[in-house]
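Pasted below: my_file-v8.cif, mmCIF, C-alpha atoms.
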data_query
loop_
_atom_site.group_PDB
_atom_site.id
_atom_site.type_symbol
_atom_site.label_atom_id
_atom_site.label_comp_id
_atom_site.auth_asym_id
_atom_site.auth_seq_id
_atom_site.Cartn_x
_atom_site.Cartn_y
_atom_site.Cartn_z
ATOM 1 C CA ASP A 1 26.934 1.199 25.205
ATOM 2 C CA GLU A 2 26.509 1.096 21.430
ATOM 3 C CA THR A 3 27.366 -2.591 20.992
ATOM 4 C CA ARG A 4 26.102 -3.712 17.599
ATOM 5 C CA TYR A 5 26.060 -7.518 18.061
ATOM 6 C CA PRO A 6 24.346 -8.419 20.276
ATOM 7 C CA ALA A 7 22.564 -5.069 20.254
ATOM 8 C CA ALA A 8 22.952 -3.059 23.459
ATOM 9 C CA LYS A 9 21.775 0.537 23.401
ATOM 10 C CA ASN A 10 21.944 1.604 27.021
ATOM 11 C CA LEU A 11 23.791 3.816 29.496
ATOM 12 C CA LYS A 12 26.494 2.796 31.945
ATOM 13 C CA VAL A 13 28.528 4.629 34.574
ATOM 14 C CA ALA A 14 32.202 5.396 33.879
ATOM 15 C CA ARG A 15 34.457 6.229 36.833
ATOM 16 C CA SER A 16 37.975 7.584 37.162
ATOM 17 C CA SER A 17 40.056 9.347 39.787
ATOM 18 C CA SER A 18 41.215 11.706 37.015
ATOM 19 C CA ILE A 19 39.315 13.529 34.300
ATOM 20 C CA PHE A 20 41.941 12.136 31.905
ATOM 21 C CA GLY A 21 41.309 8.494 32.894
ATOM 22 C CA PRO A 22 41.907 5.659 32.904
ATOM 23 C CA TRP A 23 38.189 4.909 33.035
ATOM 24 C CA GLU A 24 36.390 1.992 34.648
ATOM 25 C CA ILE A 25 33.001 1.273 33.082
ATOM 26 C CA THR A 26 30.351 -0.574 35.039
ATOM 27 C CA GLU A 27 29.221 -3.858 33.539
ATOM 28 C CA GLN A 28 25.532 -3.318 34.293
ATOM 29 C CA ALA A 29 23.553 -0.585 32.525
ATOM 30 C CA PHE A 30 21.482 1.715 34.718
ATOM 31 C CA THR A 31 18.795 2.374 32.105
ATOM 32 C CA PRO A 32 15.752 0.076 31.781
ATOM 33 C CA GLU A 33 16.396 -3.359 30.312
ATOM 34 C CA ASN A 34 15.316 -3.906 26.680
ATOM 35 C CA THR A 35 14.960 -0.150 26.107
ATOM 36 C CA TRP A 36 17.225 1.458 23.521
ATOM 37 C CA VAL A 37 18.432 4.868 24.697
ATOM 38 C CA GLU A 38 20.776 7.624 23.534
ATOM 39 C CA GLY A 39 21.483 11.330 23.934
ATOM 40 C CA PRO A 40 21.842 11.522 27.731
ATOM 41 C CA THR A 41 22.094 14.717 29.731
ATOM 42 C CA ILE A 42 22.695 14.964 33.461
ATOM 43 C CA VAL A 43 21.704 17.591 36.022
ATOM 44 C CA LYS A 44 22.049 17.821 39.793
ATOM 45 C CA HIS A 45 18.973 18.985 41.716
ATOM 46 C CA GLN A 46 19.153 19.117 45.499
ATOM 47 C CA ASP A 47 20.726 15.787 46.562
ATOM 48 C CA TRP A 48 19.917 13.914 43.342
ATOM 49 C CA PHE A 49 21.576 13.489 39.970
ATOM 50 C CA TYR A 50 19.015 13.099 37.160
ATOM 51 C CA VAL A 51 19.948 11.527 33.827
ATOM 52 C CA TYR A 52 17.518 12.286 31.005
ATOM 53 C CA TYR A 53 17.695 10.267 27.786
ATOM 54 C CA ASP A 54 15.934 9.705 24.499
ATOM 55 C CA GLU A 55 14.102 6.364 24.196
ATOM 56 C CA TYR A 56 14.256 6.766 20.439
ATOM 57 C CA ILE A 57 12.522 3.503 19.469
ATOM 58 C CA ASN A 58 9.608 4.388 21.795
ATOM 59 C CA ARG A 59 9.630 8.029 20.652
ATOM 60 C CA GLN A 60 9.690 9.318 24.218
ATOM 61 C CA TYR A 61 12.049 10.583 26.889
ATOM 62 C CA GLY A 62 13.028 8.750 30.057
ATOM 63 C CA ALA A 63 14.798 9.683 33.276
ATOM 64 C CA MET A 64 16.702 7.919 36.024
ATOM 65 C CA ARG A 65 17.948 9.420 39.275
ATOM 66 C CA THR A 66 20.662 8.516 41.770
ATOM 67 C CA GLN A 67 22.485 9.885 44.781
ATOM 68 C CA ASP A 68 25.508 7.568 44.588
ATOM 69 C CA PHE A 69 25.738 6.293 40.956
ATOM 70 C CA ASN A 70 25.194 2.744 42.262
ATOM 71 C CA GLN A 71 21.485 2.652 43.094
ATOM 72 C CA TRP A 72 19.108 4.057 40.472
ATOM 73 C CA GLN A 73 15.412 4.962 40.428
ATOM 74 C CA ASN A 74 13.371 5.169 37.242
ATOM 75 C CA VAL A 75 11.419 8.446 37.383
ATOM 76 C CA SER A 76 10.251 8.426 33.754
ATOM 77 C CA ALA A 77 6.570 8.328 34.775
ATOM 78 C CA GLN A 78 6.999 11.741 36.444
ATOM 79 C CA LEU A 79 8.655 13.303 33.399
ATOM 80 C CA THR A 80 6.860 15.593 30.959
ATOM 81 C CA VAL A 81 8.569 17.109 27.925
ATOM 82 C CA PRO A 82 7.202 18.949 24.898
ATOM 83 C CA LYS A 83 6.047 16.692 22.064
ATOM 84 C CA GLY A 84 8.808 15.939 19.576
ATOM 85 C CA THR A 85 11.646 16.581 22.056
ATOM 86 C CA ARG A 86 14.911 14.933 21.027
ATOM 87 C CA HIS A 87 18.352 15.051 22.665
ATOM 88 C CA GLY A 88 17.979 17.868 25.143
ATOM 89 C CA THR A 89 19.998 19.670 27.738
ATOM 90 C CA VAL A 90 19.301 21.495 30.971
ATOM 91 C CA LEU A 91 20.210 25.081 31.685
ATOM 92 C CA LYS A 92 19.564 27.469 34.528
ATOM 93 C CA ILE A 93 17.782 30.743 33.736
ATOM 94 C CA PRO A 94 16.374 33.515 35.939
ATOM 95 C CA ALA A 95 12.699 33.162 36.941
ATOM 96 C CA GLU A 96 11.888 36.395 35.077
ATOM 97 C CA LYS A 97 13.151 34.932 31.777
ATOM 98 C CA LEU A 98 11.218 31.708 32.369
ATOM 99 C CA THR A 99 8.032 33.716 32.876
ATOM 100 C CA GLN A 100 8.666 35.598 29.630
ATOM 101 C CA LEU A 101 9.266 32.358 27.707
ATOM 102 C CA LEU A 102 6.164 30.695 29.131
ATOM 103 C CA GLN A 103 4.024 33.734 28.276
ATOM 104 C CA HIS A 104 5.417 33.930 24.763
ATOM 105 C CA TYR A 105 5.004 30.214 23.959
ATOM 106 C CA ASN A 106 1.877 29.587 26.078
#
Turn the structure described in the file into structure tokens.
Amino acid sequence: DETRYPAAKNLKVARSSSIFGPWEITEQAFTPENTWVEGPTIVKHQDWFYVYYDEYINRQYGAMRTQDFNQWQNVSAQLTVPKGTRHGTVLKIPAEKLTQLLQHYN
């Protein structure tokens, strides 16, 4: 939601039975109240969907998780990202490549 007046900078769920819509957008945001967010990325891990986002006013990243897109848990306190991270994404790489990257960048 990028509503300008009154300001609302949060994330909501959009649902459709077709990838082409029509879309139904939930009224309630799932991100923390009074926190401006943008740049979301989503990843599924085991039985959870994690949504990572940039809390740009706070200069930090946050994360919420859900199993059903109705009930959400704030897991931001468990999140660590490199300093200065902005709008990210998640990708899967082989363990060997991860080891090489970690060795190269300490």
Option closest in space to Ile25 of chain A, from A:Tyr5, A:Trp48, A:Tyr53, A:Phe69 [counting all atoms listed in the file]: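 Smallest distance to Ile25 of chain A is found for A:Phe69.
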How big is the axis-aligned box around all listed atoms of segment 63-68 of chain A once 3 Å goes on each side, and where's its centre, in Å to one decimal, as JSON?
{"center_x": 20.2, "center_y": 8.7, "center_z": 39.0, "size_x": 16.7, "size_y": 8.3, "size_z": 17.5}
Exercise: residues within 10 Å of coordinate (16.8, 21.7, 31.8), counting all atoms listed in the file, as a list in words: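 Using all atoms listed in the file, the matching residues come out as Thr41, Ile42, Val43, Tyr52, Gly88, Thr89, Val90, Leu91, Lys92 and Ile93 of chain A.
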I need the chosen residues saved as a compact mmCIF listing (two decimals), keeping the file's coordinate frame, with C-alpha atoms.
# COMPACT_ATOMS: atom_id res chain seq x y z
CA THR A 41 22.09 14.72 29.73
CA ILE A 42 22.70 14.96 33.46
CA VAL A 43 21.70 17.59 36.02
CA TYR A 52 17.52 12.29 31.00
CA GLY A 88 17.98 17.87 25.14
CA THR A 89 20.00 19.67 27.74
CA VAL A 90 19.30 21.50 30.97
CA LEU A 91 20.21 25.08 31.68
CA LYS A 92 19.56 27.47 34.53
CA ILE A 93 17.78 30.74 33.74
From A:Thr3, A:Thr26, A:Thr85, A:Gln46, residue lying nearest Gln67 of chain A [all atoms listed in the file]: A:Gln46
Interatomic distance, atom CA of Val51 of chain A to atom CA of Thr66 of chain A (Å, one decimal): 8.5 Å
Straight-line distance linking atom CA of Ala63 of chain A with atom CA of Leu102 of chain A, stated in Å to one decimal: 23.1 Å
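Residue nearest Phe30 of chain A, chosen from A:Asp47, A:Asp54, A:Asp1, A:Glu96 and counting only C-alpha atoms: A:Asp1.
Atom CA of Gln71 of chain A to atom CA of Arg4 of chain A spans 26.7 Å [interatomic distance, one decimal].
Nearest to Leu11 of chain A of all the residues A:Asn58, A:Trp23, A:Thr99, A:Met64 is A:Met64, based on all atoms listed in the file.
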Among the residues A:Arg86, A:Ser18, A:Thr80, A:Gln103, the one that comes closest to Gly39 of chain A [using all atoms listed in the file]: A:Arg86
Of the listed residues A:Gly84, A:Gly21, A:Pro40, A:Pro94, that which approaches Arg59 of chain A most closely, counting all atoms listed in the file: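 Once distances to Arg59 of chain A are computed over all atoms listed in the file, the minimum belongs to A:Gly84.
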